[in-house]
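This is my_file_6.cif. It holds mmCIF, C-alpha atoms and all ligand atoms.
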data_coords
loop_
_atom_site.label_atom_id
_atom_site.label_comp_id
_atom_site.auth_asym_id
_atom_site.auth_seq_id
_atom_site.Cartn_x
_atom_site.Cartn_y
_atom_site.Cartn_z
CA MET A 12 -2.81 2.55 -59.14
CA PRO A 13 -3.81 0.42 -56.11
CA ALA A 14 -1.03 -1.47 -54.33
CA LYS A 15 -0.49 -4.97 -55.69
CA ASN A 16 -2.06 -7.82 -53.74
CA ALA A 17 -0.12 -10.85 -52.51
CA PHE A 18 -0.79 -14.54 -52.97
CA TYR A 19 0.25 -16.95 -50.22
CA ALA A 20 0.01 -20.75 -50.38
CA GLN A 21 0.97 -23.66 -48.19
CA SER A 22 2.46 -26.62 -49.99
CA GLY A 23 3.28 -30.26 -49.24
CA GLY A 24 3.22 -31.93 -45.83
CA VAL A 25 2.12 -29.51 -43.14
CA THR A 26 3.88 -28.90 -39.83
CA ALA A 27 3.18 -27.71 -36.30
CA VAL A 28 4.47 -24.23 -37.22
CA ILE A 29 3.67 -23.56 -40.90
CA ASN A 30 0.81 -21.35 -39.74
CA ALA A 31 3.33 -19.29 -37.77
CA SER A 32 4.93 -18.46 -41.14
CA ALA A 33 1.49 -17.56 -42.51
CA CYS A 34 1.06 -15.31 -39.48
CA GLY A 35 4.44 -13.67 -40.22
CA VAL A 36 3.43 -13.03 -43.83
CA ILE A 37 -0.02 -11.63 -43.08
CA GLU A 38 0.92 -9.50 -40.07
CA THR A 39 3.89 -8.01 -41.91
CA ALA A 40 1.85 -7.32 -45.04
CA ARG A 41 -0.81 -5.65 -42.88
CA ALA A 42 1.89 -3.43 -41.39
CA HIS A 43 2.73 -2.23 -44.93
CA ARG A 44 -0.79 -1.58 -46.17
CA GLY A 45 0.19 1.22 -48.53
CA LYS A 46 2.64 -1.04 -50.36
CA ILE A 47 0.88 -4.41 -50.29
CA GLY A 48 -2.87 -4.54 -50.82
CA LYS A 49 -4.54 -7.70 -49.57
CA VAL A 50 -3.09 -11.12 -48.91
CA TYR A 51 -5.05 -13.80 -50.74
CA ALA A 52 -4.38 -17.37 -49.69
CA GLY A 53 -4.78 -20.36 -51.98
CA ARG A 54 -7.44 -22.73 -50.72
CA ASN A 55 -5.59 -26.05 -50.54
CA GLY A 56 -2.35 -24.54 -51.78
CA ILE A 57 -1.50 -23.85 -55.39
CA ILE A 58 -4.64 -25.69 -56.48
CA GLY A 59 -6.58 -22.74 -55.06
CA ALA A 60 -4.79 -20.40 -57.47
CA LEU A 61 -5.39 -22.67 -60.46
CA ARG A 62 -9.10 -22.94 -59.60
CA GLU A 63 -9.33 -19.25 -58.74
CA ASP A 64 -10.37 -20.33 -55.27
CA LEU A 65 -8.75 -17.64 -53.20
CA ILE A 66 -9.28 -16.82 -49.53
CA ASP A 67 -9.44 -13.17 -48.49
CA THR A 68 -7.30 -13.01 -45.34
CA SER A 69 -8.34 -9.37 -44.80
CA LYS A 70 -11.69 -10.73 -43.58
CA GLU A 71 -9.97 -12.40 -40.61
CA THR A 72 -9.64 -10.53 -37.33
CA LYS A 73 -6.28 -9.48 -35.92
CA ALA A 74 -6.76 -12.00 -33.09
CA ALA A 75 -7.54 -14.86 -35.50
CA ILE A 76 -4.43 -14.15 -37.55
CA HIS A 77 -2.33 -13.91 -34.41
CA GLY A 78 -3.82 -17.22 -33.27
CA LEU A 79 -2.13 -18.86 -36.26
CA LEU A 80 1.11 -18.53 -34.33
CA SER A 81 0.00 -21.34 -32.04
CA THR A 82 -2.18 -23.41 -34.39
CA PRO A 83 -0.76 -26.51 -36.10
CA ALA A 84 -1.31 -27.82 -39.64
CA GLY A 85 -2.30 -25.78 -42.70
CA ALA A 86 -5.02 -23.26 -41.86
CA PHE A 87 -5.68 -22.56 -45.56
CA GLY A 88 -5.23 -26.14 -46.72
CA SER A 89 -2.18 -27.58 -48.43
CA CYS A 90 -1.71 -29.99 -51.30
CA ARG A 91 0.75 -32.23 -53.04
CA HIS A 92 0.33 -30.93 -56.55
CA LYS A 93 3.48 -30.60 -58.57
CA LEU A 94 3.40 -28.12 -61.40
CA LYS A 95 4.99 -29.90 -64.35
CA ASP A 96 7.80 -28.48 -66.37
CA PRO A 97 6.45 -25.49 -68.34
CA ARG A 98 7.53 -27.26 -71.56
CA GLU A 99 5.15 -30.10 -70.69
CA ASN A 100 2.26 -28.16 -69.24
CA ARG A 101 2.47 -24.47 -69.98
CA ALA A 102 -1.30 -24.19 -69.54
CA GLU A 103 -0.97 -24.42 -65.75
CA TYR A 104 1.49 -21.53 -65.62
CA GLU A 105 -0.59 -19.46 -68.00
CA ARG A 106 -3.61 -20.08 -65.82
CA LEU A 107 -1.72 -18.94 -62.73
CA ILE A 108 -0.69 -15.72 -64.42
CA GLU A 109 -4.26 -15.22 -65.67
CA VAL A 110 -5.58 -15.55 -62.10
CA PHE A 111 -2.85 -13.30 -60.70
CA LYS A 112 -3.58 -10.65 -63.33
CA ALA A 113 -7.31 -10.78 -62.64
CA HIS A 114 -6.71 -10.18 -58.94
CA ASN A 115 -3.88 -7.65 -59.28
CA ILE A 116 -1.43 -10.01 -57.58
CA GLY A 117 2.20 -8.90 -57.72
CA TYR A 118 3.70 -11.03 -54.94
CA PHE A 119 3.83 -14.80 -54.80
CA PHE A 120 4.74 -16.35 -51.43
CA TYR A 121 5.08 -20.11 -51.57
CA ASN A 122 5.53 -21.92 -48.26
CA GLY A 123 6.97 -25.41 -48.77
CA GLY A 124 9.88 -27.79 -49.18
CA GLY A 125 12.28 -28.58 -52.01
CA ASP A 126 9.68 -29.35 -54.68
CA SER A 127 7.84 -26.15 -53.87
CA ALA A 128 11.07 -24.16 -54.16
CA ASP A 129 11.34 -25.54 -57.68
CA THR A 130 7.74 -24.53 -58.49
CA CYS A 131 8.34 -21.07 -57.07
CA LEU A 132 11.40 -20.65 -59.27
CA LYS A 133 9.51 -21.80 -62.35
CA VAL A 134 6.65 -19.40 -61.64
CA SER A 135 9.11 -16.56 -61.25
CA ARG A 136 10.85 -17.38 -64.56
CA LEU A 137 7.68 -17.91 -66.48
CA SER A 138 6.01 -14.73 -65.27
CA GLU A 139 9.09 -12.86 -66.43
CA SER A 140 9.01 -14.50 -69.85
CA MET A 141 5.29 -13.74 -70.13
CA GLY A 142 5.91 -10.11 -69.32
CA TYR A 143 3.86 -10.14 -66.10
CA PRO A 144 5.89 -8.68 -63.24
CA LEU A 145 5.67 -10.98 -60.21
CA GLN A 146 7.98 -11.29 -57.24
CA ALA A 147 8.20 -14.92 -56.20
CA ILE A 148 9.57 -15.65 -52.74
CA HIS A 149 9.84 -19.14 -51.32
CA ILE A 150 9.26 -19.60 -47.58
CA PRO A 151 11.07 -22.66 -46.23
CA LYS A 152 9.14 -25.39 -44.44
CA THR A 153 9.67 -29.09 -43.96
CA ILE A 154 9.86 -31.38 -41.01
CA ASP A 155 12.38 -33.43 -43.00
CA ASN A 156 14.98 -30.63 -42.53
CA ASP A 157 16.46 -31.41 -45.92
CA LEU A 158 16.54 -28.00 -47.65
CA PRO A 159 20.00 -26.72 -48.53
CA LEU A 160 21.37 -23.27 -47.69
CA THR A 161 19.33 -22.87 -44.53
CA ASP A 162 20.71 -24.05 -41.19
CA THR A 163 17.38 -25.67 -40.40
CA CYS A 164 13.85 -25.81 -41.82
CA PRO A 165 10.87 -24.47 -39.88
CA GLY A 166 8.82 -27.44 -38.71
CA PHE A 167 11.81 -29.59 -37.96
CA GLY A 168 12.67 -28.21 -34.50
CA SER A 169 9.20 -29.03 -33.18
CA VAL A 170 9.21 -32.57 -34.57
CA ALA A 171 12.70 -33.02 -33.17
CA LYS A 172 11.47 -31.94 -29.75
CA TYR A 173 8.43 -34.23 -29.90
CA VAL A 174 10.51 -37.22 -30.94
CA ALA A 175 13.24 -36.63 -28.34
CA ILE A 176 10.65 -36.23 -25.57
CA SER A 177 8.60 -39.25 -26.68
CA THR A 178 11.71 -41.41 -26.85
CA ARG A 179 12.74 -40.44 -23.34
CA GLU A 180 9.25 -40.98 -21.91
CA ALA A 181 8.59 -44.31 -23.65
CA ALA A 182 12.04 -45.52 -22.60
CA LEU A 183 11.18 -44.91 -18.94
CA ASP A 184 8.04 -46.98 -19.45
CA VAL A 185 9.90 -49.90 -21.00
CA ALA A 186 12.66 -49.76 -18.40
CA SER A 187 10.05 -50.08 -15.62
CA MET A 188 8.62 -53.30 -17.03
CA CYS A 189 11.50 -55.00 -18.82
CA ALA A 190 12.37 -57.46 -16.05
CA THR A 191 9.12 -59.35 -16.67
CA SER A 192 7.56 -57.94 -19.79
CA THR A 193 8.43 -55.80 -22.84
CA ARG A 194 12.09 -55.83 -23.84
CA VAL A 195 12.05 -53.95 -27.09
CA PHE A 196 10.31 -50.73 -28.05
CA ILE A 197 10.43 -49.40 -31.61
CA LEU A 198 9.45 -45.88 -32.62
CA GLU A 199 9.10 -45.16 -36.32
CA VAL A 200 9.55 -41.53 -37.32
CA MET A 201 9.24 -39.60 -40.59
CA GLY A 202 12.01 -38.44 -42.89
CA ARG A 203 11.90 -39.92 -46.34
CA HIS A 204 15.47 -39.57 -47.53
CA ALA A 205 17.23 -37.86 -44.66
CA GLY A 206 17.60 -39.03 -41.08
CA TRP A 207 17.38 -35.70 -39.28
CA ILE A 208 14.21 -36.59 -37.37
CA ALA A 209 15.52 -39.98 -36.25
CA ALA A 210 18.75 -38.28 -35.25
CA ALA A 211 16.85 -35.88 -33.00
CA ALA A 212 15.74 -38.84 -30.87
CA GLY A 213 19.40 -39.17 -29.93
CA LEU A 214 19.04 -36.00 -27.86
CA ALA A 215 17.04 -38.05 -25.34
CA ALA A 216 20.20 -39.88 -24.26
CA GLU A 217 22.38 -38.13 -21.72
CA GLN A 218 24.66 -40.89 -20.50
CA GLU A 219 25.96 -44.29 -21.53
CA GLY A 220 23.11 -46.82 -21.59
CA ASP A 221 20.34 -44.23 -22.07
CA ALA A 222 17.77 -44.72 -24.82
CA PRO A 223 17.66 -44.65 -27.77
CA HIS A 224 20.05 -47.59 -28.02
CA ILE A 225 19.73 -47.92 -31.78
CA ILE A 226 18.88 -45.32 -34.41
CA LEU A 227 18.26 -46.38 -38.00
CA PHE A 228 19.04 -43.71 -40.59
CA PRO A 229 18.30 -43.62 -44.34
CA GLU A 230 21.94 -42.59 -44.74
CA VAL A 231 23.13 -46.02 -43.50
CA ALA A 232 22.16 -49.19 -45.39
CA PHE A 233 20.17 -51.55 -43.16
CA ASP A 234 21.93 -54.83 -42.34
CA ARG A 235 19.57 -57.34 -40.70
CA LYS A 236 22.31 -59.41 -39.04
CA ARG A 237 24.13 -56.45 -37.51
CA PHE A 238 20.84 -54.95 -36.36
CA LEU A 239 19.66 -58.10 -34.58
CA ALA A 240 23.05 -58.65 -32.99
CA ARG A 241 22.94 -55.08 -31.62
CA VAL A 242 19.42 -55.54 -30.26
CA GLN A 243 20.45 -58.74 -28.47
CA ARG A 244 23.59 -57.19 -27.04
CA THR A 245 21.65 -54.18 -25.76
CA VAL A 246 18.98 -56.30 -24.07
CA LYS A 247 21.65 -58.43 -22.41
CA ARG A 248 23.50 -55.36 -21.18
CA HIS A 249 20.64 -53.05 -20.17
CA GLY A 250 17.61 -55.32 -19.91
CA TYR A 251 15.77 -53.53 -22.72
CA CYS A 252 16.34 -51.87 -26.04
CA VAL A 253 14.75 -48.74 -27.53
CA ILE A 254 15.02 -48.33 -31.28
CA VAL A 255 14.15 -45.22 -33.28
CA ALA A 256 13.84 -45.93 -36.97
CA SER A 257 13.51 -43.49 -39.83
CA GLU A 258 10.74 -44.45 -42.25
CA GLY A 259 13.35 -44.01 -45.01
CA THR A 260 15.48 -46.92 -43.74
CA HIS A 261 16.49 -49.04 -46.73
CA ASP A 262 18.74 -51.94 -47.59
CA ALA A 263 21.99 -51.85 -49.53
CA ASP A 264 20.06 -52.01 -52.82
CA GLY A 265 18.09 -48.90 -51.88
CA ARG A 266 14.82 -50.79 -51.22
CA PHE A 267 12.76 -49.15 -48.45
CA LEU A 268 11.88 -51.59 -45.69
CA SER A 269 8.53 -49.81 -45.34
CA GLU A 270 7.35 -49.11 -48.87
CA SER A 271 3.55 -49.25 -49.16
CA GLY A 272 3.47 -49.41 -52.97
CA LEU A 273 1.71 -46.02 -53.29
CA THR A 274 3.28 -42.86 -54.70
CA ASP A 275 2.20 -39.23 -54.48
CA ALA A 276 2.02 -36.50 -57.14
CA PHE A 277 5.72 -35.77 -56.67
CA GLY A 278 6.58 -39.39 -57.42
CA HIS A 279 7.56 -40.02 -53.79
CA SER A 280 6.83 -43.47 -52.39
CA GLN A 281 4.41 -43.48 -49.51
CA LEU A 282 6.23 -44.91 -46.53
CA GLY A 283 5.09 -46.26 -43.19
CA GLY A 284 4.93 -49.63 -41.49
CA LEU A 285 8.61 -50.11 -40.81
CA ALA A 286 8.13 -50.48 -37.03
CA PRO A 287 5.95 -53.62 -37.29
CA THR A 288 8.38 -55.08 -39.84
CA LEU A 289 11.28 -54.61 -37.43
CA ALA A 290 9.19 -55.89 -34.53
CA ASP A 291 8.41 -59.09 -36.44
CA MET A 292 12.10 -59.54 -37.11
CA VAL A 293 12.96 -59.12 -33.43
CA LYS A 294 10.22 -61.51 -32.31
CA SER A 295 10.96 -64.26 -34.81
CA GLU A 296 14.76 -64.16 -34.44
CA LEU A 297 15.21 -63.19 -30.79
CA GLY A 298 11.85 -63.96 -29.20
CA TYR A 299 11.61 -60.73 -27.18
CA LYS A 300 8.27 -59.21 -26.28
CA TYR A 301 7.92 -55.87 -28.05
CA HIS A 302 5.79 -52.79 -28.50
CA TRP A 303 5.99 -50.42 -31.41
CA ALA A 304 4.58 -47.05 -32.40
CA VAL A 305 4.46 -45.09 -35.62
CA ALA A 306 4.69 -41.40 -34.71
CA ASP A 307 3.21 -40.49 -38.12
CA TYR A 308 1.03 -37.32 -38.10
CA LEU A 309 1.22 -37.05 -34.31
CA GLN A 310 4.83 -35.88 -34.64
CA ARG A 311 4.26 -33.17 -37.24
CA SER A 312 1.06 -31.77 -35.72
CA ALA A 313 2.23 -31.72 -32.10
CA ARG A 314 1.91 -27.99 -31.55
CA HIS A 315 1.31 -28.49 -27.81
CA ILE A 316 4.99 -29.31 -27.35
CA ALA A 317 6.46 -27.14 -30.14
CA SER A 318 9.95 -25.72 -29.87
CA GLN A 319 9.97 -21.98 -29.15
CA THR A 320 13.05 -21.64 -31.37
CA ASP A 321 11.15 -23.28 -34.22
CA VAL A 322 8.07 -21.09 -33.77
CA ASP A 323 10.25 -17.95 -33.74
CA GLN A 324 12.07 -19.04 -36.89
CA ALA A 325 8.87 -19.99 -38.70
CA TYR A 326 7.44 -16.53 -37.99
CA ALA A 327 10.70 -14.84 -38.95
CA VAL A 328 10.90 -16.46 -42.42
CA GLY A 329 7.31 -15.40 -43.15
CA LYS A 330 8.05 -11.84 -42.05
CA ALA A 331 11.33 -11.75 -44.00
CA ALA A 332 9.61 -12.98 -47.16
CA VAL A 333 7.37 -9.91 -47.17
CA GLU A 334 10.30 -7.62 -46.38
CA PHE A 335 12.30 -9.16 -49.25
CA ALA A 336 9.38 -8.57 -51.58
CA LEU A 337 9.18 -4.95 -50.49
CA GLN A 338 12.90 -4.60 -51.23
CA GLY A 339 12.21 -5.76 -54.78
CA ARG A 340 13.72 -9.26 -54.44
CA ASN A 341 12.64 -12.13 -56.67
CA ALA A 342 13.33 -15.88 -56.82
CA VAL A 343 14.88 -16.00 -53.35
CA MET A 344 14.22 -17.71 -50.03
CA PRO A 345 14.75 -16.33 -46.54
CA ALA A 346 17.26 -18.73 -44.97
CA ILE A 347 18.08 -19.31 -41.32
CA GLN A 348 21.77 -18.71 -40.67
CA ARG A 349 23.53 -19.85 -37.53
CA GLY A 350 25.85 -17.43 -35.73
CA LYS A 351 29.50 -18.40 -35.39
CA GLY A 352 29.79 -18.00 -31.59
CA LYS A 353 29.64 -20.81 -29.02
CA ARG A 354 26.27 -19.63 -27.80
CA TYR A 355 23.51 -20.45 -30.30
CA SER A 356 22.28 -17.50 -32.29
CA TRP A 357 20.59 -17.14 -35.65
CA HIS A 358 19.55 -14.53 -38.15
CA ILE A 359 17.79 -14.46 -41.49
CA GLY A 360 19.85 -14.39 -44.67
CA GLU A 361 18.93 -14.83 -48.31
CA ALA A 362 19.34 -17.86 -50.59
CA PRO A 363 18.86 -17.83 -54.38
CA LEU A 364 16.11 -20.26 -55.38
CA GLN A 365 18.09 -21.84 -58.17
CA ASP A 366 20.47 -23.21 -55.53
CA VAL A 367 17.65 -24.47 -53.29
CA ALA A 368 15.28 -26.15 -55.75
CA ASN A 369 15.51 -29.94 -56.08
CA ARG A 370 18.46 -30.40 -53.74
CA GLU A 371 18.21 -32.54 -50.61
CA LYS A 372 20.45 -32.03 -47.59
CA LYS A 373 21.17 -35.35 -45.90
CA MET A 374 22.86 -35.97 -42.55
CA PRO A 375 26.62 -35.54 -42.95
CA ARG A 376 28.52 -38.78 -42.27
CA ASP A 377 30.31 -37.23 -39.29
CA PHE A 378 26.93 -36.68 -37.59
CA ILE A 379 26.52 -40.47 -37.38
CA THR A 380 28.76 -42.72 -35.28
CA ARG A 381 31.04 -45.15 -37.11
CA ASP A 382 28.85 -48.15 -36.24
CA GLY A 383 25.92 -46.34 -37.89
CA PHE A 384 23.55 -46.67 -34.90
CA ALA A 385 23.84 -43.34 -33.06
CA ILE A 386 24.59 -39.62 -33.37
CA THR A 387 27.94 -37.98 -32.71
CA GLU A 388 28.71 -35.00 -30.48
CA LYS A 389 28.81 -32.85 -33.61
CA ALA A 390 25.23 -33.82 -34.45
CA ARG A 391 24.19 -33.17 -30.85
CA ASP A 392 25.74 -29.68 -30.97
CA TYR A 393 23.82 -28.96 -34.17
CA LEU A 394 20.48 -30.38 -32.98
CA ALA A 395 20.33 -29.34 -29.32
CA PRO A 396 19.53 -25.62 -29.74
CA LEU A 397 16.75 -26.31 -32.24
CA ILE A 398 14.46 -27.86 -29.62
CA VAL A 399 15.03 -25.24 -26.97
CA GLY A 400 12.09 -23.41 -25.40
CA GLU A 401 8.45 -24.30 -24.94
CA ALA A 402 5.82 -22.37 -26.89
CA TYR A 403 2.71 -23.71 -25.16
CA PRO A 404 -0.62 -22.73 -26.68
CA GLN A 405 -3.35 -21.47 -24.37
CA TYR A 406 -5.72 -24.11 -23.02
CA ARG A 407 -9.46 -24.12 -22.38
CA ASN A 408 -11.27 -27.05 -20.75
CA GLY A 409 -8.08 -29.03 -20.84
CA LEU A 410 -7.59 -28.64 -24.59
CA PRO A 411 -5.42 -26.25 -26.59
CA ILE A 412 -7.20 -23.30 -28.17
CA TYR A 413 -6.54 -23.34 -31.90
CA THR A 414 -7.64 -20.68 -34.37
CA ARG A 415 -10.48 -21.42 -36.75
CA LEU A 416 -10.50 -19.01 -39.67
CA LYS A 417 -13.56 -17.82 -41.56
CA LEU A 418 -11.88 -18.60 -44.89
CA VAL A 419 -14.03 -16.14 -46.87
CA ALA A 420 -13.69 -16.65 -50.63
CA VAL A 421 -12.60 -13.82 -52.91
CA PRO A 422 -15.32 -13.29 -55.58
CA ARG A 423 -14.25 -14.92 -58.84
CA LYS A 424 -13.43 -12.65 -61.78
CA LEU A 425 -12.71 -15.15 -64.52
CA LYS A 426 -15.30 -16.80 -66.68
CA THR A 427 -13.31 -19.91 -67.37
CA ALA A 428 -12.92 -22.83 -65.01
CA PHE A 429 -9.70 -24.81 -64.84
CA LYS A 430 -9.58 -28.52 -64.26
CA VAL A 431 -6.81 -29.67 -61.90
O1 LIG B 1 6.56 -33.37 -45.82
C1 LIG B 1 7.44 -34.40 -45.54
C2 LIG B 1 6.74 -35.58 -44.94
O2 LIG B 1 6.27 -35.21 -43.69
C3 LIG B 1 7.63 -36.81 -44.90
O3 LIG B 1 8.48 -36.89 -43.82
C4 LIG B 1 6.63 -37.93 -44.97
O4 LIG B 1 7.17 -39.06 -45.58
C5 LIG B 1 5.59 -37.34 -45.85
O5 LIG B 1 5.62 -35.97 -45.66
C6 LIG B 1 4.20 -37.84 -45.63
O6 LIG B 1 3.39 -37.21 -46.56
P1 LIG B 1 1.86 -37.45 -46.78
O7 LIG B 1 1.16 -36.81 -45.64
O8 LIG B 1 1.55 -36.74 -48.07
O9 LIG B 1 1.64 -38.92 -46.87
#

Go ahead and express the file in the form of structure tokens.
Amino acid sequence: MPAKNAFYAQSGGVTAVINASACGVIETARAHRGKIGKVYAGRNGIIGALREDLIDTSKETKAAIHGLLSTPAGAFGSCRHKLKDPRENRAEYERLIEVFKAHNIGYFFYNGGGDSADTCLKVSRLSESMGYPLQAIHIPKTIDNDLPLTDTCPGFGSVAKYVAISTREAALDVASMCATSTRVFILEVMGRHAGWIAAAAGLAAEQEGDAPHIILFPEVAFDRKRFLARVQRTVKRHGYCVIVASEGTHDADGRFLSESGLTDAFGHSQLGGLAPTLADMVKSELGYKYHWAVADYLQRSARHIASQTDVDQAYAVGKAAVEFALQGRNAVMPAIQRGKGKRYSWHIGEAPLQDVANREKKMPRDFITRDGFAITEKARDYLAPLIVGEAYPQYRNGLPIYTRLKLVAVPRKLKTAFKV
């Protein structure tokens, strides 16, 4: 009986280090060749499995796979496709099992956020009820840092570093010109329901008066009057004001200030455009000259300034997922656990998927100052180690060298096509 193959897929918004997790999975599986056959990756995530569009990672060289460690975004393609509840759409689950059976797949590694943890759990339960043995392991990833039971989520540390650095650098720019020119700079960052990314900008400030002067969190209802008063006070005191705003900032009725009107397959509103809204407010009420920036995809793809801690953790969860599978685990997620000592340390533990799926971890109230505009020392202590270390990629001709995979397709075995 040949060793079972593994299926690996990337899911949801990609990050600067999700490929480091892929690297951890593939390198570890290759080190256990007798026990795990090949690793097949889904082209564009789970959609690849449904369409029987699998990528044979064994066709990639050792160097190419290792290059994933320093290559941002999703090398195999990702997607936002939510598998419905099996009671509503059992056909999708049956199709997955059909594809897995056809390709002798016994391990399912799903690399994503909270929604993907839910899918992974459902796949595990359904395969069991259909009598097809499959070990489903979820690999945590999300720049939003909102998964429970893990101290942090791979992808977040690198965004945090990018945002903290960009805030500090842009603040120096504004400070140089504020006597005669721009007074207000607004940086909009991601984070739909949780303010972890905006909070990380707070690391840029070292002493009283340093930027960012105002952080807007989704955890604190936006109050226009209080906001404008704080901007004015800051400009009067320091000559300029740097604001970092989470895209998830909303008013007391829960209405996002930046809703575009579009939603994705998970039912999430597409956000973006908060910075110009705030800038308009500042200009019309206070008359200050402003600049704004939306960090958008720049923040989550910025592998050139990734956090070494984040890269190490992303690799470690991929590696641990394979080790868990080899130990016979099912429906679990490798979780990053922080050591108790004063000096930052971490190790990989295990979290049951039923406690991870569909739960969002927001910023605790004691991580935000009482006025709602800054982070506390407690938040700083939590965040600071996550951005430590620089994992620079190699450069050629002034540009980073990123891996390009061959992405060779596994020959199809099924006669039927499946419409997604
Ligand atoms: O994956 C999380 C996230 O990065 C959010 O912070 C952001 O709102 C969203 O993805 C953007 O997703 P998309 O690229 O699908 O528009």

* Could you tell me which of A:Asn122, A:Thr153, A:Ser127, A:Ser140 comes closest to ligand LIG 1 (chain B) if we count only C-alpha atoms and all ligand atoms? => A:Thr153

* Asked: Quick one: residues within 10 Å of Gln365 of chain A, all atoms listed in the file counted, chain neighbours fewer than 6 positions away excluded, as a PyMOL selection string?
  -> chain A and resi 128-129+131-133+342-344

* Asked: Can you tell me which residues sit at most 8 Å away from ligand LIG 1 (chain B), counting all atoms listed in the file, written as number ranges by chain?
  -> A: 23-26, 91, 124, 153-155, 201-203, 258-259, 275, 281-283, 308, 311

* At most 8 Å from (-15.3, -15.9, -56.8), file frame, only C-alpha atoms: which residues, as a PyMOL selection string? -> chain A and resi 63-65+420-424

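When only C-alpha atoms are used to compute distances to Gly125 of chain A, the closest of the residues A:Leu364, A:Ala205, A:Ala385, A:Ala286 turns out to be A:Leu364.
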
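Proximity ranking of A:Leu158, A:Ile176, A:Cys252, A:Ala317 relative to Pro345 of chain A places A:Leu158 first, based on only C-alpha atoms.
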
* Determine, counting only C-alpha atoms, every residue of protein, DNA or RNA that lies within 12 Å of (-4.1, -7.2, -35.1) in the file coordinates, then give the result as a PyMOL selection string. => chain A and resi 34-35+37-42+69-79

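Of the residues listed (A:Arg62, A:Arg415, A:Arg54, A:Arg340), A:Arg62 shows the shortest atom-to-atom separation from Leu107 of chain A; distances use all atoms listed in the file.
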
* **Interatomic distance (Å, one decimal) between atom CA of Ala290 of chain A and atom CA of Glu230 of chain A** => 21.1 Å

* Excluding Lys353 of chain A and residues on its chain fewer than 5 positions from it, collect all residues at most 12 Å away from it, counting all atoms listed in the file, and give them as a ChimeraX atom specification. => /A:392-393,396

Using C-alpha atoms, can you write the selected residues to a file as a PDB file, in the frame of the given file?
ATOM      1  CA  ASP A 392      25.740 -29.680 -30.970  1.00  0.00           C
ATOM      2  CA  TYR A 393      23.820 -28.960 -34.170  1.00  0.00           C
ATOM      3  CA  PRO A 396      19.530 -25.620 -29.740  1.00  0.00           C
TER       4      PRO A 396
END

* If we count all atoms listed in the file, what is near Pro83 of chain A at a cut-off of 10 Å, once residues fewer than 2 positions away on the same chain are taken out, given as a PyMOL selection string? -> chain A and resi 25-31+79-81+85-86+166+311-315+317+413-414

* Could you give me, as a list of chain:residue names, the residues within 10 Å of Ala210 of chain A, counting only C-alpha atoms and dropping anything in the same chain fewer than 4 positions from it? => A:Ala171, A:Val174, A:Ala175, A:Val200, A:Ala205, A:Gly206, A:Leu214, A:Pro223, A:Ile226, A:Leu227, A:Phe228, A:Val255, A:Ala256, A:Ser257, A:Met374, A:Phe378, A:Ile379, A:Phe384, A:Ala385, A:Ile386, A:Thr387, A:Ala390, A:Arg391, A:Leu394

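Minimum distance to Ala14 of chain A across A:Asn115, A:Ile208, A:Val110, A:Ala102 (counting all atoms listed in the file) occurs at A:Asn115.
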